[in-house]
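Listing of protein.txt; format and content: compact mmCIF, C-alpha atoms.
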# COMPACT_ATOMS: atom_id res chain seq x y z
CA MET G 1229 1.92 27.90 36.10
CA ILE G 1230 1.44 31.39 34.73
CA LEU G 1231 3.61 32.70 37.50
CA LEU G 1232 6.31 30.18 36.63
CA ALA G 1233 6.14 31.14 32.94
CA ALA G 1234 6.41 34.82 33.78
CA ASN G 1235 9.33 34.03 36.05
CA THR G 1236 11.28 32.06 33.45
CA SER G 1237 10.63 34.66 30.78
CA SER G 1238 11.93 37.39 33.08
CA ILE G 1239 15.06 35.32 33.73
CA GLY G 1240 15.38 34.81 29.98
CA SER G 1241 15.19 38.54 29.35
CA GLU G 1242 17.70 39.11 32.15
CA VAL G 1243 20.14 36.74 30.47
CA TRP G 1244 19.53 38.46 27.15
CA MET G 1245 20.20 41.81 28.84
CA ALA G 1246 23.44 40.38 30.22
CA VAL G 1247 24.55 39.27 26.75
CA VAL G 1248 23.71 42.68 25.29
CA THR G 1249 25.54 44.45 28.13
CA CYS G 1250 28.53 42.19 27.60
CA PHE G 1251 28.73 43.12 23.92
CA ALA G 1252 28.19 46.78 24.70
CA ALA G 1253 31.03 46.68 27.24
CA ILE G 1254 33.35 45.15 24.66
CA PHE G 1255 32.53 47.28 21.62
CA THR G 1256 30.39 50.37 22.02
CA GLN G 1257 31.40 51.28 25.56
CA ASN G 1258 34.88 49.87 25.74
CA ILE G 1259 36.13 50.58 29.22
CA LEU G 1260 39.53 51.70 27.98
CA LEU G 1261 38.80 53.47 24.73
CA SER G 1262 35.67 55.33 25.77
CA TYR G 1263 36.02 55.64 29.55
CA PHE G 1264 39.82 55.86 29.69
CA LEU G 1265 40.12 53.44 32.58
CA GLY G 1266 43.27 51.42 33.08
CA MET G 1267 45.38 53.79 31.00
CA CYS G 1268 48.46 53.60 33.24
CA SER G 1269 49.16 49.93 32.73
CA PHE G 1270 47.89 50.23 29.18
CA VAL G 1271 50.69 52.65 28.31
CA SER G 1272 53.42 50.90 30.27
CA VAL G 1273 52.71 47.21 29.69
CA SER G 1274 51.66 47.25 26.04
CA ARG G 1275 55.15 46.67 24.62
CA GLU G 1276 54.97 42.92 24.01
CA VAL G 1277 52.01 40.85 22.89
CA LYS G 1278 52.84 38.00 25.28
CA THR G 1279 52.83 40.08 28.44
CA ALA G 1280 49.77 41.95 27.23
CA VAL G 1281 47.88 38.67 26.87
CA GLY G 1282 48.96 37.60 30.38
CA LEU G 1283 47.87 40.84 31.98
CA GLY G 1284 44.68 40.91 29.92
CA ALA G 1285 43.69 37.40 30.99
CA ALA G 1286 44.33 38.26 34.63
CA VAL G 1287 42.20 41.39 34.30
CA VAL G 1288 39.31 39.47 32.69
CA PHE G 1289 39.29 37.01 35.56
CA VAL G 1290 39.69 39.49 38.41
CA MET G 1291 37.20 41.92 36.91
CA THR G 1292 34.46 39.32 36.47
CA ALA G 1293 34.95 37.95 39.96
CA THR G 1294 35.27 41.26 41.79
CA THR G 1295 32.29 42.92 40.13
CA ILE G 1296 30.17 39.98 41.30
CA LEU G 1297 31.63 40.02 44.83
CA ASN G 1298 31.23 43.77 45.08
CA TRP G 1299 27.68 43.57 43.77
CA MET G 1300 26.86 41.21 46.61
CA ALA G 1301 28.65 43.36 49.16
CA TYR G 1302 26.90 46.51 47.98
CA TRP G 1303 23.32 45.31 47.53
CA TRP G 1304 23.21 42.71 50.29
CA VAL G 1305 25.29 44.40 52.98
CA LEU G 1306 25.76 48.14 52.46
CA VAL G 1307 22.31 49.07 51.14
CA PRO G 1308 20.31 47.30 53.90
CA LEU G 1309 22.57 48.92 56.51
CA ASN G 1310 22.40 52.39 54.86
CA LEU G 1311 26.18 52.55 54.70
CA GLU G 1312 26.54 53.32 51.00
CA PHE G 1313 29.18 55.97 51.63
CA TYR G 1314 31.58 53.27 52.82
CA MET G 1315 31.50 51.71 49.36
CA TYR G 1316 34.90 53.00 48.21
CA ILE G 1317 36.73 51.55 51.19
CA LEU G 1318 34.83 48.28 50.98
CA PHE G 1319 35.38 47.90 47.23
CA ILE G 1320 39.08 48.58 47.49
CA ILE G 1321 39.50 46.13 50.35
CA ILE G 1322 37.53 43.41 48.54
CA ILE G 1323 39.57 43.89 45.36
CA ALA G 1324 42.87 43.87 47.22
CA ALA G 1325 41.92 40.85 49.33
CA PHE G 1326 40.66 38.95 46.29
CA VAL G 1327 43.84 39.61 44.34
CA GLN G 1328 45.92 38.52 47.33
CA LEU G 1329 43.88 35.33 47.68
CA ILE G 1330 44.16 34.48 44.00
CA GLU G 1331 47.89 35.08 44.17
CA MET G 1332 48.23 32.64 47.06
CA ILE G 1333 46.06 30.00 45.38
CA ILE G 1334 47.92 30.20 42.07
CA ASP G 1335 51.25 30.11 43.87
CA ARG G 1336 50.21 26.97 45.74
CA TYR G 1337 48.68 24.99 42.87
CA SER G 1338 50.34 26.21 39.70
CA PRO G 1339 53.78 27.71 40.21
CA SER G 1340 54.37 27.96 36.45
CA LEU G 1341 51.27 30.12 35.97
CA TYR G 1342 52.36 32.13 39.01
CA GLN G 1343 55.71 32.70 37.38
CA SER G 1344 54.15 34.04 34.22
CA LEU G 1345 51.46 36.13 35.91
CA GLY G 1346 53.41 36.94 39.06
CA ILE G 1347 54.23 40.57 38.39
CA PHE G 1348 50.84 41.49 37.02
CA LEU G 1349 48.61 40.29 39.80
CA PRO G 1350 49.60 42.90 42.41
CA LEU G 1351 49.44 45.58 39.71
CA ILE G 1352 45.79 44.77 39.15
CA THR G 1353 44.83 46.01 42.61
CA VAL G 1354 45.60 49.57 41.58
CA ASN G 1355 44.28 49.18 38.04
CA CYS G 1356 41.57 51.80 37.77
CA ALA G 1357 39.69 49.68 35.25
CA ILE G 1358 38.67 47.24 38.00
CA LEU G 1359 37.41 49.85 40.43
CA GLY G 1360 35.89 51.75 37.51
CA ALA G 1361 33.88 48.75 36.35
CA VAL G 1362 32.67 48.17 39.90
CA LEU G 1363 31.59 51.80 40.29
CA TRP G 1364 29.79 51.81 36.93
CA MET G 1365 28.00 48.65 37.98
CA VAL G 1366 26.76 50.41 41.13
CA ILE G 1367 25.82 53.67 39.40
CA ARG G 1368 23.89 51.94 36.61
CA GLU G 1369 22.14 49.63 39.12
CA TYR G 1370 22.65 46.42 37.17
CA SER G 1371 21.06 43.21 38.42
CA LEU G 1372 23.32 40.31 39.41
CA ILE G 1373 22.99 38.46 36.09
CA VAL G 1374 23.64 41.59 34.06
CA THR G 1375 26.61 42.35 36.31
CA VAL G 1376 28.20 39.04 35.32
CA GLY G 1377 27.91 39.99 31.66
CA PHE G 1378 29.15 43.50 32.30
CA GLY G 1379 32.20 42.46 34.33
CA PHE G 1380 33.21 39.82 31.81
CA GLY G 1381 32.60 42.08 28.82
CA SER G 1382 34.58 44.96 30.31
CA GLY G 1383 37.50 42.65 31.00
CA VAL G 1384 37.45 41.21 27.49
CA GLY G 1385 37.19 44.70 26.00
CA TRP G 1386 40.20 45.88 27.98
CA MET G 1387 42.20 42.79 27.05
CA MET G 1388 41.37 43.22 23.37
CA ALA G 1389 42.49 46.83 23.39
CA ILE G 1390 45.79 46.14 25.16
CA VAL G 1391 46.65 43.12 22.98
CA ALA G 1392 45.90 45.06 19.79
CA MET G 1393 47.98 47.96 21.05
CA ALA G 1394 50.91 45.68 21.90
CA GLY G 1395 50.76 44.21 18.40
CA ILE G 1396 50.81 47.65 16.80
CA ARG G 1397 53.62 48.86 19.05
CA GLN G 1398 55.80 45.90 18.14
CA ARG G 1399 55.34 46.83 14.50
CA ILE G 1400 56.24 50.49 14.90
CA ASP G 1401 59.34 49.77 16.99
CA GLU G 1402 61.66 50.48 14.10
CA SER G 1403 59.76 53.39 12.57
CA LYS G 1404 61.19 56.87 12.75
CA ILE G 1405 59.20 58.83 15.28
CA PRO G 1406 60.01 62.40 16.44
CA ALA G 1407 61.94 62.36 19.72
CA GLY G 1408 59.25 64.14 21.70
CA LEU G 1409 56.54 61.80 20.52
CA ARG G 1410 58.33 58.54 21.27
CA GLY G 1411 56.90 56.26 23.95
CA PRO G 1412 53.68 57.49 25.53
CA GLY G 1413 52.98 60.14 22.88
CA ILE G 1414 52.72 57.76 19.96
CA THR G 1415 50.86 55.24 22.13
CA LEU G 1416 48.19 57.84 22.81
CA ILE G 1417 47.85 58.69 19.14
CA ILE G 1418 47.42 55.00 18.29
CA ALA G 1419 44.88 54.72 21.09
CA GLY G 1420 43.07 57.69 19.59
CA ILE G 1421 42.87 56.02 16.20
CA MET G 1422 41.69 52.80 17.85
CA ALA G 1423 39.05 54.75 19.76
CA LEU G 1424 37.98 56.29 16.47
CA ALA G 1425 37.52 52.81 15.04
CA PHE G 1426 35.46 51.79 18.05
CA VAL G 1427 33.27 54.89 17.69
CA GLY G 1428 32.15 53.19 14.48
CA PHE G 1429 30.36 50.57 16.58
CA THR G 1430 28.03 53.21 18.03
CA GLY G 1431 24.46 52.38 17.16
CA VAL G 1432 25.11 48.68 16.50
CA LEU G 1433 23.20 47.85 19.69
CA GLN G 1434 19.92 49.32 20.99
CA MET Q 556 62.19 72.52 60.93
CA ASN Q 557 64.48 75.50 60.33
CA GLY Q 558 63.36 78.35 58.10
CA GLN Q 559 66.24 78.66 55.68
CA THR Q 560 66.38 75.19 54.21
CA ALA Q 561 62.60 75.02 54.29
CA THR Q 562 62.13 78.03 51.97
CA LYS Q 563 64.72 76.68 49.58
CA THR Q 564 63.15 73.30 49.35
CA THR Q 565 59.69 74.81 49.20
CA ASN Q 566 60.57 76.58 45.97
CA GLN Q 567 62.09 73.42 44.62
CA ILE Q 568 59.05 71.40 45.54
CA ILE Q 569 56.79 73.88 43.79
CA LEU Q 570 58.88 73.98 40.60
CA ASP Q 571 59.32 70.21 40.51
CA GLY Q 572 55.62 69.60 40.92
CA LEU Q 573 54.61 72.12 38.28
CA TRP Q 574 57.23 71.47 35.62
CA HIS Q 575 60.36 69.35 36.21
CA ASP Q 576 58.52 66.32 37.55
CA ASN Q 577 55.10 67.13 36.21
CA PRO Q 578 52.99 64.04 36.89
CA ILE Q 579 51.56 63.84 33.39
CA PHE Q 580 54.53 64.68 31.15
CA ARG Q 581 57.45 63.34 33.07
CA GLN Q 582 55.99 60.47 34.99
CA ILE Q 583 53.00 59.52 32.77
CA LEU Q 584 50.91 58.95 35.86
CA GLY Q 585 47.25 59.33 36.48
CA ILE Q 586 46.12 59.75 32.92
CA CYS Q 587 43.30 57.29 33.57
CA SER Q 588 40.90 59.88 34.85
CA THR Q 589 42.63 62.68 33.00
CA LEU Q 590 40.83 62.18 29.79
CA ALA Q 591 37.34 61.24 30.76
CA VAL Q 592 36.35 64.50 32.41
CA THR Q 593 38.11 66.88 30.05
CA ASN Q 594 35.34 67.61 27.56
CA ASN Q 595 34.08 70.45 29.74
CA VAL Q 596 36.12 73.05 31.64
CA ILE Q 597 33.89 73.25 34.72
CA ASN Q 598 33.83 69.48 35.28
CA THR Q 599 37.58 69.42 34.89
CA ALA Q 600 38.10 72.25 37.37
CA VAL Q 601 36.04 70.49 40.03
CA MET Q 602 37.86 67.23 39.40
CA CYS Q 603 41.24 68.99 39.62
CA ILE Q 604 40.44 70.75 42.88
CA SER Q 605 39.26 67.46 44.39
CA LEU Q 606 42.36 65.65 43.21
CA SER Q 607 44.80 68.31 44.44
CA LEU Q 608 43.15 68.43 47.85
CA VAL Q 609 43.08 64.65 48.20
CA THR Q 610 46.73 64.36 47.14
CA ALA Q 611 47.89 67.11 49.49
CA LEU Q 612 45.92 65.97 52.52
CA SER Q 613 46.68 62.29 52.14
CA ALA Q 614 50.37 62.99 51.59
CA ALA Q 615 50.41 65.05 54.80
CA THR Q 616 48.56 62.33 56.71
CA VAL Q 617 50.75 59.54 55.41
CA SER Q 618 53.81 61.56 56.33
CA ALA Q 619 52.48 62.31 59.83
CA MET Q 620 51.74 58.64 60.45
CA LYS Q 621 54.83 57.17 58.84
CA ASP Q 622 56.62 56.47 62.13
CA TRP Q 623 53.78 54.35 63.49
CA THR Q 624 52.91 52.46 60.34
CA PRO Q 625 54.48 49.02 60.02
CA LYS Q 626 56.33 48.74 56.72
CA THR Q 627 54.54 45.55 55.71
CA VAL Q 628 51.04 47.03 55.68
CA ARG Q 629 51.91 50.54 54.55
CA MET Q 630 50.27 50.20 51.12
CA MET Q 631 47.00 49.20 52.73
CA VAL Q 632 47.22 52.08 55.21
CA GLN Q 633 47.91 54.53 52.39
CA VAL Q 634 44.95 53.28 50.39
CA LEU Q 635 42.69 53.61 53.40
CA ILE Q 636 43.87 57.17 54.10
CA ILE Q 637 43.28 58.12 50.46
CA ALA Q 638 39.87 56.46 50.44
CA PHE Q 639 38.96 58.38 53.59
CA TYR Q 640 39.61 61.75 51.94
CA VAL Q 641 37.92 60.70 48.71
CA ILE Q 642 34.80 59.75 50.65
CA ILE Q 643 34.77 63.22 52.26
CA VAL Q 644 35.08 64.90 48.85
CA ASP Q 645 32.39 62.66 47.40
CA ILE Q 646 29.95 63.34 50.23
CA LEU Q 647 30.55 67.10 50.04
CA LEU Q 648 29.92 67.09 46.28
CA ARG Q 649 26.80 65.00 46.66
CA ALA Q 650 25.41 67.25 49.37
CA TYR Q 651 26.17 70.67 47.89
CA TRP Q 652 26.45 70.06 44.15
CA PRO Q 653 24.43 66.97 43.21
CA ASP Q 654 24.38 67.80 39.47
CA MET Q 655 28.15 67.92 39.35
CA SER Q 656 28.41 64.71 41.34
CA ARG Q 657 26.13 63.01 38.82
CA SER Q 658 28.01 64.22 35.76
CA LEU Q 659 31.40 63.23 37.17
CA GLY Q 660 29.93 59.78 37.84
CA PRO Q 661 32.48 57.24 39.05
CA TYR Q 662 35.49 59.43 38.39
CA VAL Q 663 35.49 61.03 41.85
CA GLY Q 664 35.74 57.59 43.40
CA LEU Q 665 38.44 56.68 40.94
CA ILE Q 666 40.75 59.26 42.54
CA ILE Q 667 41.54 56.41 44.96
CA THR Q 668 43.28 54.43 42.25
CA ASN Q 669 44.79 57.49 40.58
CA CYS Q 670 48.47 56.72 40.44
CA ILE Q 671 49.48 60.30 41.28
CA VAL Q 672 48.08 60.14 44.78
CA MET Q 673 49.69 56.80 45.59
CA GLY Q 674 52.86 57.83 43.79
CA ARG Q 675 53.34 60.98 45.87
CA CYS Q 676 52.59 59.16 49.13
CA GLU Q 677 55.07 56.44 48.31
CA ALA Q 678 57.80 58.53 46.66
CA PHE Q 679 57.78 61.68 48.78
CA ALA Q 680 55.59 61.54 51.88
CA GLN Q 681 57.12 58.26 53.14
CA SER Q 682 60.46 60.00 53.76
CA ASN Q 683 59.52 63.63 54.47
CA ARG Q 684 57.83 65.76 57.10
CA PRO Q 685 54.10 66.56 56.86
CA TRP Q 686 54.35 70.19 55.65
CA PRO Q 687 56.71 69.58 52.70
CA SER Q 688 54.63 66.51 51.85
CA PHE Q 689 51.50 68.63 51.84
CA LEU Q 690 53.14 71.14 49.47
CA ASP Q 691 54.50 68.40 47.28
CA GLY Q 692 51.08 66.79 46.98
CA LEU Q 693 49.37 70.12 46.37
CA PHE Q 694 51.74 71.24 43.63
CA ASN Q 695 51.81 67.88 41.91
CA GLY Q 696 48.05 68.10 41.92
CA LEU Q 697 48.24 71.61 40.49
CA GLY Q 698 50.75 70.57 37.84
CA TYR Q 699 48.28 67.90 36.83
CA SER Q 700 45.40 70.39 36.93
CA VAL Q 701 47.08 72.91 34.63
CA ILE Q 702 47.43 70.32 31.88
CA LEU Q 703 43.94 68.99 32.37
CA LEU Q 704 42.51 72.49 32.12
CA VAL Q 705 44.45 73.19 28.94
CA ILE Q 706 43.17 69.95 27.40
CA ALA Q 707 39.63 70.69 28.54
CA ALA Q 708 39.76 74.22 27.14
CA ILE Q 709 41.00 73.00 23.75
CA ARG Q 710 38.37 70.29 23.59
CA GLU Q 711 35.49 72.45 24.70
CA VAL Q 712 36.32 75.40 22.44
CA MET Q 713 36.89 73.30 19.34
CA GLY Q 714 34.13 70.80 19.99
CA MET Q 715 31.33 72.95 21.31
CA GLY Q 716 32.37 76.56 20.70
CA THR Q 717 32.03 77.45 24.38
CA LEU Q 718 34.42 78.04 27.25
CA ALA Q 719 33.19 77.01 30.71
CA GLY Q 720 29.66 77.16 29.30
CA TYR Q 721 29.89 80.66 27.79
CA PRO Q 722 29.77 80.86 24.00
CA LEU Q 723 32.88 82.39 22.48
CA PRO Q 724 32.44 85.04 19.74
CA TYR Q 725 34.08 83.33 16.76
CA PHE Q 726 33.91 79.69 17.73
CA SER Q 727 30.19 79.54 18.50
CA THR Q 728 29.16 81.18 15.21
CA GLN Q 729 31.49 80.69 12.25
CA TRP Q 730 33.64 77.80 13.50
CA ASP Q 731 32.69 74.43 12.08
CA LYS Q 732 32.45 72.41 15.31
CA TRP Q 733 34.75 69.42 15.53
CA VAL Q 734 32.44 66.86 17.10
CA ILE Q 735 35.36 64.46 17.37
CA MET Q 736 36.87 66.72 20.05
CA VAL Q 737 34.12 66.05 22.59
CA MET Q 738 34.21 62.32 21.84
CA PRO Q 739 36.79 59.99 23.41
CA PRO Q 740 39.28 59.98 20.48
CA GLY Q 741 39.66 63.76 20.77
CA ALA Q 742 41.05 63.39 24.28
CA PHE Q 743 43.73 60.97 23.11
CA PHE Q 744 44.81 63.23 20.26
CA VAL Q 745 44.93 66.45 22.30
CA LEU Q 746 46.91 64.83 25.13
CA ALA Q 747 49.31 63.25 22.64
CA CYS Q 748 49.94 66.60 20.94
CA LEU Q 749 50.46 68.37 24.28
CA LEU Q 750 52.87 65.63 25.36
CA TRP Q 751 54.74 66.09 22.11
CA VAL Q 752 55.08 69.86 22.56
CA CYS Q 753 56.15 69.71 26.21
CA ARG Q 754 58.54 66.83 25.72
CA SER Q 755 60.18 68.59 22.78
CA ILE Q 756 60.72 71.66 24.98
CA GLY Q 757 62.13 69.34 27.64
CA VAL Q 758 64.57 67.80 25.16
CA LYS Q 759 65.83 71.25 24.18
CA GLU Q 760 66.16 72.29 27.83
CA LYS Q 761 68.35 69.27 28.53
CA LYS Q 762 70.58 69.99 25.54
CA ALA Q 763 71.07 73.66 26.53
What do you get writing this file as structure tokens?
Amino acid sequence: MILLAANTSSIGSEVWMAVVTCFAAIFTQNILLSYFLGMCSFVSVSREVKTAVGLGAAVVFVMTATTILNWMAYWWVLVPLNLEFYMYILFIIIIAAFVQLIEMIIDRYSPSLYQSLGIFLPLITVNCAILGAVLWMVIREYSLIVTVGFGFGSGVGWMMAIVAMAGIRQRIDESKIPAGLRGPGITLIIAGIMALAFVGFTGVLQ
Amino acid sequence: MNGQTATKTTNQIILDGLWHDNPIFRQILGICSTLAVTNNVINTAVMCISLSLVTALSAATVSAMKDWTPKTVRMMVQVLIIAFYVIIVDILLRAYWPDMSRSLGPYVGLIITNCIVMGRCEAFAQSNRPWPSFLDGLFNGLGYSVILLVIAAIREVMGMGTLAGYPLPYFSTQWDKWVIMVMPPGAFFVLACLLWVCRSIGVKEKKA
């Protein structure tokens, strides 16, 4: 009985840890604004809110699923076999295979969703945010439950940043910006200001 | 390959990689990992050397294997080649410089998804011989490194008053340290300003 109680309380604290990690990944340690991951697609795809939402949703889903899959692959397969140095190859293959699989499933069952997501899915394979989240998960040695929270939170944080950026960029479309600063330059400055805002969340958790 | 055309194109490759097609300014590639490691010059230098070597060697390998690789799986083959070199770099760092490996964290592994490496393999190495591909990869890597080092130097001097760990005379004593420079927003601002300067020079060059 005591053992059972201890067990449930430890699961409860695990879940609580997962919730905290999820919030941390969204606000205080936003994967884009404080670790700079996924910048390439952030700069190039953040022109329209609609596409940004599509890509963001795809990233949330793929990130949650692949961090869990890669957690299993790393702790249940690579660590027992002492093959940790193969992790990069394994992670990349799992991410690519997963994205391919999802693409095929969506294409088969929901062609309209496939039409709207179509271009973004293959792009996700080379999105550094996904691999970055997986590598952080390994380096910080999260447990499986915490990993779920972390993967989901990172995805949501990334989506929030790209959607906000797309909204701002639509607004500044008609503003007069110096020629050399147009495009990526101004995007980076906006990202800097956004990052500054997110720095304000430091200390909310802990 | 014959000597004459090779020297000509070699110069071109070098210039293109360093300035005309500079990966960061012209192509806006690979800025993912650009910013995270640039709050300290030494970290940045290690990261840059790793990236240049990985780009050069994987471009050469992709180019050497291009005749035997089926077109349909070439992306996968390229990723595996890149991952292979990244693993070597990672293991070397872990064995001989564990502190550095720890402070770079996941960013060494993230070289795999750095768009520059893939970009050079796909855009240049696919259709060229191994040696020019090697040079192209190396100098694109160096073009990237120069900018990273400039950003890192600005951030470290203004944020901490040191350069590569050594305190500078004025900045470490009188200078009011800009803490924002070592924090993430600083990286965005410095890169944006550098982009602005270099692109403005580029605009003038085109007009002239």
What lies within 9 Å of region 1248-1263 of chain G using only C-alpha atoms, ignoring chain neighbours under 5 positions off, as a ChimeraX atom specification? /G:1243,1270,1357,1360-1361,1374-1386,1388-1390,1419-1420,1422-1424,1426-1434 /Q:587-588,590-591,738-740
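Closest approach to chain Q from the set G:Lys1404, G:Lys1278, G:Arg1399, G:Arg1410 is made by G:Arg1410, with distances taken over only C-alpha atoms.
As for CA of Met1267 (chain G) and CA of Thr599 (chain Q), they are spaced 17.9 Å apart.
What separates CA of Asn1310 (chain G) from CA of Leu1363 (chain G) is a distance of 17.2 Å.
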Would you write out, as JSON lines, a table of all residues in chain Q that have an atom no more than 8 Å from an atom of chain G, listing for each the closest atom pair and the distance in Å to one decimal, considering all atoms listed in the file and ordering rows by chain and rising residue number?
{"residue": "Q:Ile583", "atom": "CA", "partner": "G:Cys1268", "partner_atom": "CA", "distance": 7.5}
{"residue": "Q:Leu584", "atom": "CA", "partner": "G:Cys1268", "partner_atom": "CA", "distance": 6.4}
{"residue": "Q:Gly585", "atom": "CA", "partner": "G:Cys1268", "partner_atom": "CA", "distance": 6.7}
{"residue": "Q:Ile586", "atom": "CA", "partner": "G:Met1267", "partner_atom": "CA", "distance": 6.3}
{"residue": "Q:Cys587", "atom": "CA", "partner": "G:Met1267", "partner_atom": "CA", "distance": 4.8}
{"residue": "Q:Ser588", "atom": "CA", "partner": "G:Phe1264", "partner_atom": "CA", "distance": 6.6}
{"residue": "Q:Leu590", "atom": "CA", "partner": "G:Phe1264", "partner_atom": "CA", "distance": 6.4}
{"residue": "Q:Ala591", "atom": "CA", "partner": "G:Tyr1263", "partner_atom": "CA", "distance": 5.9}
{"residue": "Q:Leu635", "atom": "CA", "partner": "G:Ile1317", "partner_atom": "CA", "distance": 6.7}
{"residue": "Q:Ala638", "atom": "CA", "partner": "G:Ile1317", "partner_atom": "CA", "distance": 5.9}
{"residue": "Q:Phe639", "atom": "CA", "partner": "G:Ile1317", "partner_atom": "CA", "distance": 7.6}
{"residue": "Q:Ile642", "atom": "CA", "partner": "G:Phe1313", "partner_atom": "CA", "distance": 6.8}
{"residue": "Q:Ile646", "atom": "CA", "partner": "G:Phe1313", "partner_atom": "CA", "distance": 7.5}
{"residue": "Q:Gly660", "atom": "CA", "partner": "G:Ile1367", "partner_atom": "CA", "distance": 7.5}
{"residue": "Q:Pro661", "atom": "CA", "partner": "G:Leu1363", "partner_atom": "CA", "distance": 5.7}
{"residue": "Q:Tyr662", "atom": "CA", "partner": "G:Gly1360", "partner_atom": "CA", "distance": 7.7}
{"residue": "Q:Gly664", "atom": "CA", "partner": "G:Tyr1316", "partner_atom": "CA", "distance": 6.7}
{"residue": "Q:Leu665", "atom": "CA", "partner": "G:Gly1360", "partner_atom": "CA", "distance": 6.5}
{"residue": "Q:Thr668", "atom": "CA", "partner": "G:Val1354", "partner_atom": "CA", "distance": 5.4}
{"residue": "Q:Asn669", "atom": "CA", "partner": "G:Cys1356", "partner_atom": "CA", "distance": 7.1}
{"residue": "Q:Cys670", "atom": "CA", "partner": "G:Val1354", "partner_atom": "CA", "distance": 7.8}
{"residue": "Q:Pro739", "atom": "CA", "partner": "G:Ser1262", "partner_atom": "CA", "distance": 5.3}
{"residue": "Q:Pro740", "atom": "CA", "partner": "G:Gly1420", "partner_atom": "CA", "distance": 4.5}
{"residue": "Q:Gly741", "atom": "CA", "partner": "G:Gly1420", "partner_atom": "CA", "distance": 7.1}
{"residue": "Q:Ala742", "atom": "CA", "partner": "G:Gly1420", "partner_atom": "CA", "distance": 7.7}
{"residue": "Q:Phe743", "atom": "CA", "partner": "G:Gly1420", "partner_atom": "CA", "distance": 4.9}
{"residue": "Q:Phe744", "atom": "CA", "partner": "G:Ile1417", "partner_atom": "CA", "distance": 5.6}
{"residue": "Q:Leu746", "atom": "CA", "partner": "G:Leu1416", "partner_atom": "CA", "distance": 7.5}
{"residue": "Q:Ala747", "atom": "CA", "partner": "G:Gly1413", "partner_atom": "CA", "distance": 4.8}
{"residue": "Q:Cys748", "atom": "CA", "partner": "G:Gly1413", "partner_atom": "CA", "distance": 7.4}
{"residue": "Q:Leu750", "atom": "CA", "partner": "G:Gly1413", "partner_atom": "CA", "distance": 6.0}
{"residue": "Q:Trp751", "atom": "CA", "partner": "G:Leu1409", "partner_atom": "CA", "distance": 4.9}
{"residue": "Q:Val752", "atom": "CA", "partner": "G:Gly1408", "partner_atom": "CA", "distance": 7.1}
{"residue": "Q:Cys753", "atom": "CA", "partner": "G:Gly1408", "partner_atom": "CA", "distance": 7.8}
{"residue": "Q:Arg754", "atom": "CA", "partner": "G:Gly1408", "partner_atom": "CA", "distance": 4.9}
{"residue": "Q:Ser755", "atom": "CA", "partner": "G:Gly1408", "partner_atom": "CA", "distance": 4.7}
{"residue": "Q:Val758", "atom": "CA", "partner": "G:Gly1408", "partner_atom": "CA", "distance": 7.3}
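CA of Ile1323 (chain G) lies 23.5 Å from CA of Ser1340 (chain G).
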Find the residues near Asp654 (chain Q): any atom within 12 Å, counting all atoms listed in the file, skip ones fewer than 5 places away on the same chain, and give them as a list in words. Ile597, Asn598, Val601, Leu648, Arg649, Leu659 and Gly660 of chain Q
Surrounding residues of Pro687 (chain Q) excluding itself and chain neighbours under 5 positions, 10 Å, only C-alpha atoms, as a ChimeraX atom specification: /Q:561,564-565,568-569,611,614-615,618,679-680,692-693
Any idea what's packed within 12 Å of Ser607 (chain Q), counting all atoms listed in the file, ignoring anything in its chain fewer than 3 positions away? Could you give it as a short mmCIF file (atom, residue, chain, number, x, y, z; two decimals) with C-alpha atoms, in the frame of the given file?
data_model
loop_
_atom_site.label_atom_id
_atom_site.label_comp_id
_atom_site.auth_asym_id
_atom_site.auth_seq_id
_atom_site.Cartn_x
_atom_site.Cartn_y
_atom_site.Cartn_z
CA GLY Q 572 55.62 69.60 40.92
CA PRO Q 578 52.99 64.04 36.89
CA ALA Q 600 38.10 72.25 37.37
CA VAL Q 601 36.04 70.49 40.03
CA MET Q 602 37.86 67.23 39.40
CA CYS Q 603 41.24 68.99 39.62
CA ILE Q 604 40.44 70.75 42.88
CA THR Q 610 46.73 64.36 47.14
CA ALA Q 611 47.89 67.11 49.49
CA LEU Q 612 45.92 65.97 52.52
CA SER Q 613 46.68 62.29 52.14
CA ALA Q 614 50.37 62.99 51.59
CA ILE Q 637 43.28 58.12 50.46
CA TYR Q 640 39.61 61.75 51.94
CA VAL Q 641 37.92 60.70 48.71
CA VAL Q 644 35.08 64.90 48.85
CA ILE Q 666 40.75 59.26 42.54
CA ASN Q 669 44.79 57.49 40.58
CA ILE Q 671 49.48 60.30 41.28
CA VAL Q 672 48.08 60.14 44.78
CA ARG Q 675 53.34 60.98 45.87
CA PHE Q 689 51.50 68.63 51.84
CA LEU Q 690 53.14 71.14 49.47
CA ASP Q 691 54.50 68.40 47.28
CA GLY Q 692 51.08 66.79 46.98
CA LEU Q 693 49.37 70.12 46.37
CA PHE Q 694 51.74 71.24 43.63
CA ASN Q 695 51.81 67.88 41.91
CA GLY Q 696 48.05 68.10 41.92
CA LEU Q 697 48.24 71.61 40.49
CA GLY Q 698 50.75 70.57 37.84
CA TYR Q 699 48.28 67.90 36.83
CA SER Q 700 45.40 70.39 36.93
CA VAL Q 701 47.08 72.91 34.63
#
Pick from G:Ser1371, G:Met1245, G:Val1287, G:Arg1275: nearest to Met1387 (chain G), with all atoms listed in the file counted? G:Val1287
Could you give me, as JSON, numbers by chain, the residues that sit within 12 Å of (33.2, 35.9, 40.1) in the file's coordinates, counting only C-alpha atoms? {"G": [1288, 1289, 1290, 1291, 1292, 1293, 1294, 1295, 1296, 1297, 1298, 1299, 1300, 1323, 1326, 1330, 1372, 1373, 1375, 1376, 1377, 1378, 1379, 1380]}
